[in-house]
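**Student:** Contents of upload29.cif (mmCIF, C-alpha atoms) are below:
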```
data_structure
loop_
_atom_site.label_atom_id
_atom_site.label_comp_id
_atom_site.auth_asym_id
_atom_site.auth_seq_id
_atom_site.Cartn_x
_atom_site.Cartn_y
_atom_site.Cartn_z
CA MET A 21 129.10 94.93 78.25
CA ALA A 22 125.43 94.11 78.94
CA MET A 23 126.03 93.59 82.65
CA MET A 24 127.41 97.16 83.00
CA LEU A 25 124.20 98.76 81.73
CA SER A 26 121.39 100.17 83.87
CA PRO A 27 118.14 98.19 84.03
CA THR A 28 115.81 98.69 81.09
CA LYS A 29 112.79 100.90 81.80
CA LEU A 30 109.66 98.83 81.15
CA ALA A 31 107.58 101.51 79.45
CA TYR A 32 104.63 99.15 78.91
CA PHE A 33 104.19 99.12 82.70
CA ASP A 34 102.96 102.73 82.45
CA ASP A 35 100.81 102.41 79.33
CA MET A 36 99.88 99.01 77.90
CA ARG A 37 98.22 100.61 74.87
CA THR A 38 101.30 102.39 73.47
CA LEU A 39 102.51 100.57 70.34
CA GLU A 40 104.86 103.22 68.93
CA SER A 41 107.54 105.02 70.90
CA THR A 42 111.19 106.07 70.98
CA ALA A 43 114.16 104.81 73.00
CA ILE A 44 117.91 105.18 73.17
CA PHE A 45 120.15 102.54 71.59
CA LEU A 46 122.69 101.21 74.10
CA SER A 47 124.23 98.00 72.77
CA CYS A 48 124.09 95.28 70.13
CA LEU A 49 125.34 91.82 71.05
CA GLN A 50 126.12 88.76 68.96
CA GLU A 51 124.75 85.77 70.86
CA GLU A 52 126.30 82.29 70.80
CA ASP A 53 123.42 81.02 68.66
CA ALA A 54 124.23 83.70 66.03
CA ARG A 55 121.24 85.85 66.97
CA ARG A 56 121.60 89.58 67.44
CA ALA A 57 120.38 91.08 70.70
CA VAL A 58 119.75 94.81 70.97
CA ILE A 59 119.52 96.56 74.33
CA LEU A 60 117.76 99.91 74.73
CA ASP A 61 117.36 102.26 77.68
CA ALA A 62 113.58 101.67 77.64
CA THR A 63 111.12 99.49 75.76
CA ILE A 64 107.44 99.10 74.95
CA PHE A 65 108.10 95.49 73.83
CA TYR A 66 106.79 92.90 76.29
CA PRO A 67 109.39 90.20 77.11
CA GLN A 68 108.06 86.65 77.36
CA GLY A 69 107.10 85.71 80.90
CA GLY A 70 104.19 85.17 83.24
CA GLY A 71 102.58 82.78 80.78
CA GLN A 72 102.44 85.44 78.04
CA PRO A 73 104.45 85.34 74.79
CA ALA A 74 106.81 88.14 73.78
CA ASP A 75 105.86 91.01 71.52
CA THR A 76 107.30 91.21 68.02
CA GLY A 77 107.74 94.15 65.68
CA PHE A 78 110.66 96.31 64.61
CA PHE A 79 112.62 99.48 65.28
CA THR A 80 114.47 101.90 63.03
CA ASN A 81 116.99 104.72 63.05
CA ARG A 82 116.89 107.07 60.08
CA SER A 83 120.44 108.39 60.37
CA SER A 84 121.89 104.86 60.42
CA ASP A 85 119.45 103.62 57.76
CA PHE A 86 118.58 100.29 59.41
CA LYS A 87 115.52 98.27 60.34
CA PHE A 88 115.82 95.74 63.16
CA MET A 89 113.16 93.03 63.08
CA VAL A 90 112.26 91.94 66.63
CA GLU A 91 111.48 88.21 66.71
CA ASP A 92 111.72 87.55 70.45
CA VAL A 93 112.12 89.56 73.67
CA ARG A 94 113.50 88.35 77.01
CA LEU A 95 114.19 89.95 80.39
CA LYS A 96 117.44 88.91 82.09
CA ASP A 97 118.85 90.48 85.25
CA GLY A 98 116.93 93.69 84.71
CA LEU A 99 117.90 94.07 81.04
CA VAL A 100 115.52 93.53 78.13
CA PHE A 101 117.11 91.75 75.16
CA HIS A 102 115.42 92.28 71.78
CA TYR A 103 116.39 89.32 69.59
CA GLY A 104 116.21 89.48 65.82
CA PHE A 105 118.03 90.61 62.70
CA PHE A 106 118.87 93.76 60.73
CA LYS A 107 116.93 94.01 57.47
CA ASP A 108 117.68 95.81 54.20
CA VAL A 109 120.79 97.58 55.49
CA GLN A 110 123.26 99.50 53.32
CA GLU A 111 127.02 98.84 53.26
CA GLY A 112 128.78 100.47 56.20
CA TRP A 113 125.59 100.91 58.22
CA GLU A 114 127.02 99.25 61.34
CA SER A 115 129.70 101.91 61.81
CA LYS A 116 126.93 104.54 61.97
CA LEU A 117 125.03 102.77 64.76
CA LYS A 118 126.33 104.23 67.99
CA GLU A 119 125.37 104.27 71.65
CA GLY A 120 123.06 107.15 72.49
CA GLN A 121 121.19 107.27 69.18
CA GLU A 122 117.40 107.49 69.26
CA VAL A 123 115.44 104.66 67.67
CA ASN A 124 111.75 104.43 66.80
CA LEU A 125 109.91 101.38 68.17
CA TYR A 126 106.91 99.69 66.55
CA VAL A 127 105.10 96.80 68.24
CA ASP A 128 103.02 94.39 66.14
CA ALA A 129 99.51 95.57 67.10
CA GLU A 130 97.62 92.42 66.08
CA ARG A 131 99.89 90.12 68.10
CA ARG A 132 99.80 92.41 71.16
CA ASP A 133 96.00 92.59 71.02
CA LEU A 134 95.63 88.80 70.88
CA ASN A 135 98.15 88.19 73.67
CA SER A 136 96.49 90.81 75.88
CA ARG A 137 93.03 89.34 75.30
CA LEU A 138 94.26 85.84 76.14
CA HIS A 139 96.03 87.02 79.29
CA SER A 140 93.03 89.06 80.47
CA ALA A 141 90.76 86.06 79.89
CA GLY A 142 92.92 84.01 82.24
CA HIS A 143 92.63 86.67 84.96
CA LEU A 144 88.89 86.88 84.40
CA LEU A 145 88.58 83.17 85.17
CA ASP A 146 90.26 83.82 88.53
CA ILE A 147 87.49 86.30 89.32
CA CYS A 148 84.81 83.86 88.18
CA MET A 149 86.24 81.08 90.33
CA ARG A 150 85.82 83.27 93.42
CA LYS A 151 82.29 84.30 92.43
CA LEU A 152 81.30 80.64 92.07
CA GLY A 153 82.43 79.79 95.59
CA LEU A 154 85.79 78.31 94.59
CA SER A 155 87.99 80.84 96.37
CA HIS A 156 89.62 78.00 98.31
CA LEU A 157 91.46 77.12 95.08
CA GLU A 158 94.72 79.06 95.04
CA PRO A 159 95.64 80.56 91.64
CA GLY A 160 98.95 79.28 90.29
CA LYS A 161 100.54 79.34 86.87
CA GLY A 162 98.82 80.24 83.65
CA TYR A 163 99.54 79.57 80.00
CA HIS A 164 98.15 82.30 77.73
CA PHE A 165 99.69 81.38 74.37
CA PRO A 166 97.73 81.22 71.09
CA ASP A 167 98.41 77.46 70.77
CA GLY A 168 96.39 76.64 73.88
CA GLN A 169 95.38 78.29 77.14
CA PHE A 170 94.87 77.21 80.73
CA VAL A 171 94.97 78.49 84.28
CA GLU A 172 96.00 76.21 87.13
CA TYR A 173 94.86 76.22 90.75
CA LYS A 174 96.13 74.46 93.87
CA GLY A 175 93.27 72.35 95.16
CA ILE A 176 90.62 70.29 93.44
CA ILE A 177 86.98 70.39 92.39
CA PRO A 178 85.14 67.11 93.12
CA LYS A 179 84.87 65.07 89.92
CA ASP A 180 81.08 64.93 90.08
CA GLN A 181 81.02 68.77 89.94
CA LEU A 182 83.45 69.31 87.05
CA GLN A 183 80.91 69.55 84.22
CA THR A 184 78.58 71.76 86.24
CA LYS A 185 81.38 74.14 87.20
CA GLN A 186 82.60 74.20 83.61
CA ARG A 187 79.20 75.45 82.44
CA GLU A 188 78.86 77.91 85.32
CA LEU A 189 82.34 79.36 84.72
CA GLU A 190 81.62 79.98 81.06
CA VAL A 191 78.26 81.63 81.79
CA GLU A 192 79.74 83.82 84.52
CA ALA A 193 82.73 84.86 82.40
CA ASN A 194 80.60 85.86 79.43
CA ALA A 195 78.16 87.75 81.64
CA LEU A 196 81.06 89.83 82.99
CA ILE A 197 82.44 90.35 79.48
CA SER A 198 79.04 91.56 78.29
CA SER A 199 78.77 94.09 81.10
CA GLY A 200 82.38 95.22 80.70
CA VAL A 201 84.65 96.88 83.27
CA LYS A 202 87.78 98.97 82.87
CA VAL A 203 91.18 97.40 83.47
CA LYS A 204 93.88 99.33 85.28
CA ALA A 205 97.47 98.55 86.23
CA SER A 206 99.85 100.36 88.54
CA VAL A 207 103.10 99.90 90.43
CA LEU A 208 102.19 100.46 94.08
CA PRO A 209 103.72 100.52 97.56
CA TYR A 210 103.21 97.21 99.35
CA GLU A 211 100.36 98.35 101.63
CA GLU A 212 98.38 100.00 98.83
CA ALA A 213 98.99 97.00 96.59
CA SER A 214 97.56 94.79 99.31
CA LYS A 215 94.39 96.91 99.40
CA TRP A 216 94.02 96.63 95.61
CA CYS A 217 94.19 92.85 96.02
CA GLY A 218 91.45 92.66 98.64
CA GLY A 219 93.69 93.04 101.68
CA ASP A 220 96.18 90.28 101.01
CA LEU A 221 99.16 89.66 98.72
CA PRO A 222 100.66 86.30 97.71
CA SER A 223 103.56 85.13 99.88
CA TYR A 224 106.02 85.48 96.99
CA ILE A 225 105.59 89.28 97.11
CA SER A 226 108.11 90.51 99.65
CA LYS A 227 107.05 93.12 102.19
CA GLY A 228 108.43 96.55 101.40
CA SER A 229 108.43 95.85 97.66
CA THR A 230 106.48 97.81 95.05
CA PRO A 231 104.57 95.23 92.97
CA ARG A 232 102.62 96.00 89.82
CA ILE A 233 98.95 95.21 90.33
CA VAL A 234 96.35 94.61 87.62
CA LYS A 235 92.73 95.23 88.61
CA PHE A 236 89.46 94.62 86.74
CA GLY A 237 86.89 97.19 87.88
CA ASP A 238 85.98 96.74 91.55
CA HIS A 239 87.11 93.11 91.65
CA PRO A 240 90.22 92.30 93.74
CA GLY A 241 93.42 92.69 91.73
CA CYS A 242 96.53 90.56 91.60
CA PRO A 243 100.27 91.02 90.94
CA CYS A 244 101.01 90.86 87.21
CA GLY A 245 103.68 92.16 84.86
CA GLY A 246 101.82 91.42 81.62
CA THR A 247 99.73 93.39 79.16
CA HIS A 248 95.94 93.46 79.24
CA VAL A 249 92.90 94.82 77.44
CA ALA A 250 91.57 98.29 78.29
CA ASP A 251 88.14 96.84 79.12
CA ILE A 252 87.17 93.20 79.63
CA ALA A 253 84.51 93.68 76.95
CA ASN A 254 87.43 93.55 74.49
CA ILE A 255 87.85 89.84 75.29
CA ARG A 256 84.59 89.45 73.28
CA SER A 257 83.68 85.93 74.40
CA LEU A 258 85.22 83.03 76.31
CA LYS A 259 84.76 79.28 76.01
CA VAL A 260 85.67 76.96 78.89
CA MET A 261 86.85 73.86 77.07
CA GLN A 262 87.52 71.51 79.98
CA ILE A 263 88.34 71.29 83.67
CA ARG A 264 90.80 68.63 84.83
CA THR A 265 92.01 67.67 88.28
CA LYS A 266 95.19 65.75 89.02
CA LYS A 267 97.50 65.32 92.00
CA GLY A 268 95.87 68.09 94.02
CA PHE A 269 95.69 70.63 91.19
CA THR A 270 92.89 71.87 88.94
CA LYS A 271 93.42 73.10 85.39
CA VAL A 272 90.83 75.14 83.53
CA PHE A 273 91.33 75.06 79.75
CA TYR A 274 89.79 77.89 77.76
CA ASN A 275 89.88 79.85 74.53
CA ILE A 276 88.47 83.11 73.21
CA SER A 277 86.70 84.23 70.06
CA PRO A 278 88.82 85.52 67.13
#
```
Represent the supplied structure as structure tokens.

**Tutor:**
Amino acid sequence: MAMMLSPTKLAYFDDMRTLESTAIFLSCLQEEDARRAVILDATIFYPQGGGQPADTGFFTNRSSDFKFMVEDVRLKDGLVFHYGFFKDVQEGWESKLKEGQEVNLYVDAERRDLNSRLHSAGHLLDICMRKLGLSHLEPGKGYHFPDGQFVEYKGIIPKDQLQTKQRELEVEANALISSGVKVKASVLPYEEASKWCGGDLPSYISKGSTPRIVKFGDHPGCPCGGTHVADIANIRSLKVMQIRTKKGFTKVFYNISP
């Protein structure tokens, strides 16, 4: 059934600050691992990906008298699967839950805020790397989970410069946070997206596509599907914990204030 549905509209693409919304219930699946997966026509829940964890929260439908607790969210073949369980339901509730009903969505605000701050901090380090003359290091994967954060770059910093660059990165990042700049995100035609990114897009972005670009103030943007703070001042402060180099790659480990 899931494969016959239209792709889920990613409502958080348009507004990363919306934490309550409505959507249309389309399907409820029983997964092989006994989890329930609910599919909606649109969602404000961020599905895990791009180094950022999934949103959690719940949604309800008054006429069917149910509350679905969202524990995990994943994007597969254009469809967003909300994994979780139905809570405090009355007997016979399932027969009332039908395709086309409107449901009310509620994203856990505290978790979204933390995940957005962590993700934005990773992007801020990319900007700082360029400002410190390390633009020859090509940004790669990032890990922006609460249990530990890093951003990885292709290329290395000489070992005798690691401690100096660690200090400089932290100073530069916190200076930018203190000054603050607005963060914006938009899905753009390829040519305009390229301009937002300083005139060049990564090779994995196909020409003719319409990538979503995240941009911090006047700094060059980059393709990103995640959620971010409204202003980098909301990161509050950043600590560069360590810089490691291995096998042609550099990892910058960091964390942020509570």

**Student:** List the residues matched by the PyMOL selection byres ((chain A and resi 227-229) around 8) in the displayed structure as a list of chain:residue names, ordered by chain and then by residue number.

**Tutor:**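 Evaluating the PyMOL selection byres ((chain A and resi 227-229) around 8) on these coordinates yields A:Pro209, A:Tyr210, A:Ile225, A:Ser226, A:Thr230, A:Pro231.
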
**Student:** On this file, the PyMOL selection byres ((chain A and resi 205-208) around 10) gives some set of residues; write that set as a ChimeraX atom specification.

**Tutor:** /A:33-36,203-204,209-214,216,229-236,241-248,250

**Student:** What lies within 7 Å of stretch 260-267 of chain A using all atoms listed in the file, ignoring chain neighbours under 3 positions off, as a CSV table (one decimal) with C-alpha atoms, in the coordinates of the input?

**Tutor:**
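Output saved as out20.csv:
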```csv
chain,number,residue,atom,x,y,z
A,176,ILE,CA,90.6,70.3,93.4
A,182,LEU,CA,83.4,69.3,87.0
A,186,GLN,CA,82.6,74.2,83.6
A,190,GLU,CA,81.6,80.0,81.1
A,270,THR,CA,92.9,71.9,88.9
A,271,LYS,CA,93.4,73.1,85.4
A,272,VAL,CA,90.8,75.1,83.5
A,273,PHE,CA,91.3,75.1,79.8
A,274,TYR,CA,89.8,77.9,77.8
A,275,ASN,CA,89.9,79.8,74.5
```

**Student:** Counting all atoms listed in the file, find residues at most 12 Å from (79.2, 82.1, 80.1) (file frame) and give them as a short mmCIF file (atom, residue, chain, number, x, y, z; two decimals) with C-alpha atoms, keeping the file's coordinate frame.

**Tutor:**
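Saved file point08.cif follows:
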```cif
data_model
loop_
_atom_site.label_atom_id
_atom_site.label_comp_id
_atom_site.auth_asym_id
_atom_site.auth_seq_id
_atom_site.Cartn_x
_atom_site.Cartn_y
_atom_site.Cartn_z
CA LEU A 144 88.89 86.88 84.40
CA LEU A 145 88.58 83.17 85.17
CA CYS A 148 84.81 83.86 88.18
CA LYS A 185 81.38 74.14 87.20
CA GLN A 186 82.60 74.20 83.61
CA ARG A 187 79.20 75.45 82.44
CA GLU A 188 78.86 77.91 85.32
CA LEU A 189 82.34 79.36 84.72
CA GLU A 190 81.62 79.98 81.06
CA VAL A 191 78.26 81.63 81.79
CA GLU A 192 79.74 83.82 84.52
CA ALA A 193 82.73 84.86 82.40
CA ASN A 194 80.60 85.86 79.43
CA ALA A 195 78.16 87.75 81.64
CA LEU A 196 81.06 89.83 82.99
CA ILE A 197 82.44 90.35 79.48
CA SER A 198 79.04 91.56 78.29
CA ARG A 256 84.59 89.45 73.28
CA SER A 257 83.68 85.93 74.40
CA LEU A 258 85.22 83.03 76.31
CA LYS A 259 84.76 79.28 76.01
CA VAL A 260 85.67 76.96 78.89
CA MET A 261 86.85 73.86 77.07
CA TYR A 274 89.79 77.89 77.76
CA ILE A 276 88.47 83.11 73.21
#
```

**Student:** Neighbouring residues of A:Phe88 were defined as those with any atom within 8 Å, considering all atoms listed in the file; residues of the same chain fewer than 2 positions away were excluded. Please report them as a list in words.

**Tutor:**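 Residues near the query, excluding close chain neighbours: Phe78, Phe79, Thr80, Phe86, Val90, Gly104, Phe105, Phe106 and Lys107 of chain A.
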
**Student:** Keeping only C-alpha atoms, write those residues as a tab-separated table (two decimals), keeping the file's coordinate frame.

**Tutor:**
```
chain	number	residue	atom	x	y	z
A	78	PHE	CA	110.66	96.31	64.61
A	79	PHE	CA	112.62	99.48	65.28
A	80	THR	CA	114.47	101.90	63.03
A	86	PHE	CA	118.58	100.29	59.41
A	90	VAL	CA	112.26	91.94	66.63
A	104	GLY	CA	116.21	89.48	65.82
A	105	PHE	CA	118.03	90.61	62.70
A	106	PHE	CA	118.87	93.76	60.73
A	107	LYS	CA	116.93	94.01	57.47
```

**Student:** Please evaluate the PyMOL selection byres ((chain A and resi 81) around 8) against the displayed coordinates and give the resulting residues as a ChimeraX atom specification.

**Tutor:** /A:79-80,82-87,121-124

**Student:** Please provide as a list in words all residues within 7 Å of stretch 63-74 of chain A, with the sequence filter that same-chain residues fewer than 5 positions apart are discarded (counting all atoms listed in the file).

**Tutor:**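 So the residues in contact are Lys29, Leu30, Ala31, Tyr32, Leu39, Ala43, Asp92, Val93, Arg94, Leu95, Val127, Asn135, His139, Gly162, Tyr163, His164, Phe165 and Gly246 of chain A.
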
**Student:** Do you have the atom CA of A:Thr28-atom CA of A:Phe45 distance handy?

**Tutor:** 11.1 Å

**Student:** So how far away is atom CA of A:Pro159 from atom CA of A:Asp75, in Å?

**Tutor:** 24.9 Å

**Student:** What would the list of residues within 10 Å of (119.5, 93.9, 72.7) (file frame) look like as a list in words, if all atoms listed in the file are what count?

**Tutor:**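 Looking at atoms near the point gives Ala22, Phe45, Leu46, Ser47, Cys48, Leu49, Gln50, Glu51, Arg56, Ala57, Val58, Ile59, Leu60, Asp61, Val90, Val93, Arg94, Leu99, Val100, Phe101, His102, Tyr103 and Gly104 of chain A.
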
**Student:** Select, from A:Ala129, A:Gly98, A:Thr76, A:Pro240, the residue with the minimum atom-to-atom distance to A:Lys151, counting only C-alpha atoms.

**Tutor:**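 Counting only C-alpha atoms, the residue closest to A:Lys151 is A:Pro240.
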
**Student:** Nearest to A:Glu172: which of A:Gly268, A:Gly218, A:Gly77, A:Gly237 is it, counting all atoms listed in the file?

**Tutor:**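 Residue with the minimum atom-to-atom distance to A:Glu172: A:Gly268.
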
**Student:** With distances taken over all atoms listed in the file, which residue among A:Gly219, A:Pro166, A:Gly120, A:Pro178 lies nearest A:Asp133?

**Tutor:**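 Using all atoms listed in the file, the shortest distance to A:Asp133 belongs to A:Pro166.
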
**Student:** Point out the residue among A:Ala54, A:Met24, A:Leu154, A:Ile44 with the least atom-to-atom distance to A:Glu119, counting only C-alpha atoms.

**Tutor:**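 Distance minimum relative to A:Glu119 lands on A:Ile44.
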
**Student:** Which residue is closest to A:Asp251? Choose from A:Ser277, A:Ser199, A:Ser155, A:Thr38 and count only C-alpha atoms.

**Tutor:** A:Ser199

**Student:** In Å, rounded to a single decimal, give me how far atom CA of A:Ser140 is from atom CA of A:Phe269.

**Tutor:**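 Separation between atom CA of A:Phe269 and atom CA of A:Ser140: 21.5 Å.
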
**Student:** Box in all listed atoms of stretch 29-48 of chain A, axis-aligned, with 8 Å more on each side; write out centre and edge lengths in Å to one decimal as JSON.

**Tutor:**
```
{"center_x": 111.2, "center_y": 100.7, "center_z": 75.8, "size_x": 42.0, "size_y": 26.8, "size_z": 29.8}
```
